[in-house]
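File shown: model_24.cif (mmCIF, C-alpha atoms).
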data_data
loop_
_atom_site.label_atom_id
_atom_site.label_comp_id
_atom_site.auth_asym_id
_atom_site.auth_seq_id
_atom_site.Cartn_x
_atom_site.Cartn_y
_atom_site.Cartn_z
CA MET M 1 -19.22 -0.13 -0.85
CA LEU M 2 -17.93 -3.64 -1.36
CA THR M 3 -16.85 -4.49 -4.88
CA PRO M 4 -16.93 -7.94 -6.46
CA HIS M 5 -13.72 -9.76 -7.26
CA PRO M 6 -12.62 -8.86 -10.81
CA ALA M 7 -12.76 -12.50 -11.95
CA VAL M 8 -16.33 -12.83 -10.68
CA LEU M 9 -17.34 -9.51 -12.22
CA ARG M 10 -15.72 -10.44 -15.55
CA ARG M 11 -17.60 -13.76 -15.65
CA LEU M 12 -20.86 -12.04 -14.74
CA LEU M 13 -20.37 -9.45 -17.47
CA GLU M 14 -19.55 -12.14 -20.07
CA GLU M 15 -22.59 -14.21 -19.08
CA TYR M 16 -24.87 -11.17 -19.27
CA GLU M 17 -23.59 -10.17 -22.70
CA ALA M 18 -24.03 -13.73 -24.01
CA ALA M 19 -27.54 -14.03 -22.56
CA ALA M 20 -28.56 -10.62 -23.89
CA MET M 21 -27.37 -11.62 -27.34
CA TYR M 22 -28.60 -15.20 -27.57
CA GLU M 23 -31.50 -15.69 -25.15
CA PRO M 24 -34.87 -15.20 -26.84
CA ASN M 25 -37.14 -12.47 -25.51
CA ASP M 26 -40.20 -13.46 -23.54
CA THR M 27 -43.74 -13.27 -24.93
CA ARG M 28 -43.96 -9.52 -24.15
CA GLY M 29 -40.75 -8.77 -26.03
CA GLU M 30 -38.81 -8.23 -22.81
CA PRO M 31 -35.45 -9.86 -22.08
CA GLY M 32 -35.63 -13.50 -21.05
CA PRO M 33 -35.37 -14.68 -17.44
CA ARG M 34 -31.63 -15.44 -17.49
CA THR M 35 -30.85 -12.01 -18.93
CA ARG M 36 -33.07 -10.35 -16.30
CA ASP M 37 -31.44 -12.33 -13.48
CA LEU M 38 -27.96 -11.41 -14.67
CA ALA M 39 -28.95 -7.76 -15.08
CA TYR M 40 -30.24 -7.72 -11.50
CA THR M 41 -27.04 -9.35 -10.22
CA LEU M 42 -24.90 -6.87 -12.13
CA CYS M 43 -26.88 -3.99 -10.63
CA VAL M 44 -26.51 -5.36 -7.10
CA SER M 45 -22.82 -6.09 -7.64
CA THR M 46 -22.09 -2.58 -8.90
CA GLY M 47 -24.44 -0.65 -6.61
CA THR M 48 -26.58 0.62 -9.48
CA ARG M 49 -30.24 0.42 -10.44
CA ASP M 50 -30.03 0.46 -14.22
CA VAL M 51 -28.38 -2.26 -16.27
CA ARG M 52 -26.73 0.25 -18.62
CA ARG M 53 -25.10 1.98 -15.68
CA ALA M 54 -24.20 -1.42 -14.19
CA LEU M 55 -22.45 -2.39 -17.42
CA GLU M 56 -20.52 0.90 -17.49
CA THR M 57 -19.52 0.52 -13.85
CA ALA M 58 -18.48 -3.11 -14.29
CA ARG M 59 -16.34 -2.28 -17.31
CA ARG M 60 -14.73 0.62 -15.47
CA GLN M 61 -13.99 -1.53 -12.42
CA LEU M 62 -12.46 -4.21 -14.65
CA ALA M 63 -10.33 -1.63 -16.45
CA ASP M 64 -9.05 -0.37 -13.09
CA ALA M 65 -8.43 -3.87 -11.67
CA PRO M 66 -4.87 -5.17 -11.40
CA ALA M 67 -3.92 -7.33 -14.39
CA THR M 68 -2.69 -10.20 -12.23
CA THR M 69 -5.59 -10.71 -9.88
CA PRO M 70 -5.78 -14.30 -8.63
CA PRO M 71 -9.15 -16.01 -9.00
CA PRO M 72 -11.35 -16.23 -5.91
CA VAL M 73 -11.38 -19.39 -3.82
CA SER M 74 -14.42 -21.43 -4.80
CA GLY M 75 -15.05 -23.35 -1.64
CA GLY M 76 -14.35 -23.54 2.01
CA ALA M 77 -10.98 -23.59 3.70
CA HIS M 78 -10.98 -27.39 3.57
CA GLU M 79 -12.05 -27.86 -0.02
CA ASP M 80 -9.16 -30.20 -0.80
CA VAL M 81 -9.76 -32.44 2.26
CA VAL M 82 -11.17 -35.84 1.37
CA ASP M 83 -13.09 -37.86 3.94
#
Please, can you express the file's structure as structure tokens?
Amino acid sequence: MLTPHPAVLRRLLEEYEAAAMYEPNDTRGEPGPRTRDLAYTLCVSTGTRDVRRALETARRQLADAPATTPPPVSGGAHEDVVD
């Protein structure tokens, strides 16, 4: 299974935790849309189907990741080329 880059996974985990804490629930008392979207993305990224398991897996992967992992490239190979 492919695993997400630790920097991407860390950001995703932080965004989920913030959304879960601060985003208001919907009218049915369920998590809001941003929290649901992030939960889904965490599940896909960690190969799980339950957000609790996704959180556990993400935290474990981050704990096992090398401390000096460079951030992923955020564009194409020619990102710094100006026309």
Resolved residues for the PyMOL selection byres ((chain M and resi 51) around 10) as number ranges by chain: M: 36, 38-44, 46, 48-50, 52-57
Quick one: distance from atom CA of M:Gly32 to atom CA of M:Arg10 in Å, one decimal?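 Between these atoms lies a distance of 20.9 Å.
Using only C-alpha atoms, the nearest neighbour of M:Glu15 within the list M:Thr3, M:Gln61, M:Thr27, M:Thr35 is M:Thr35.
Note that atom CA of M:Leu13 and atom CA of M:Asn25 are 18.8 Å apart.
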When distances are computed from only C-alpha atoms, which of M:Ala58, M:Tyr16, M:Ser45, M:Asp64 shows the smallest separation from M:Pro31?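 Checking each of M:Ala58, M:Tyr16, M:Ser45, M:Asp64 against M:Pro31, counting only C-alpha atoms, the winner is M:Tyr16.
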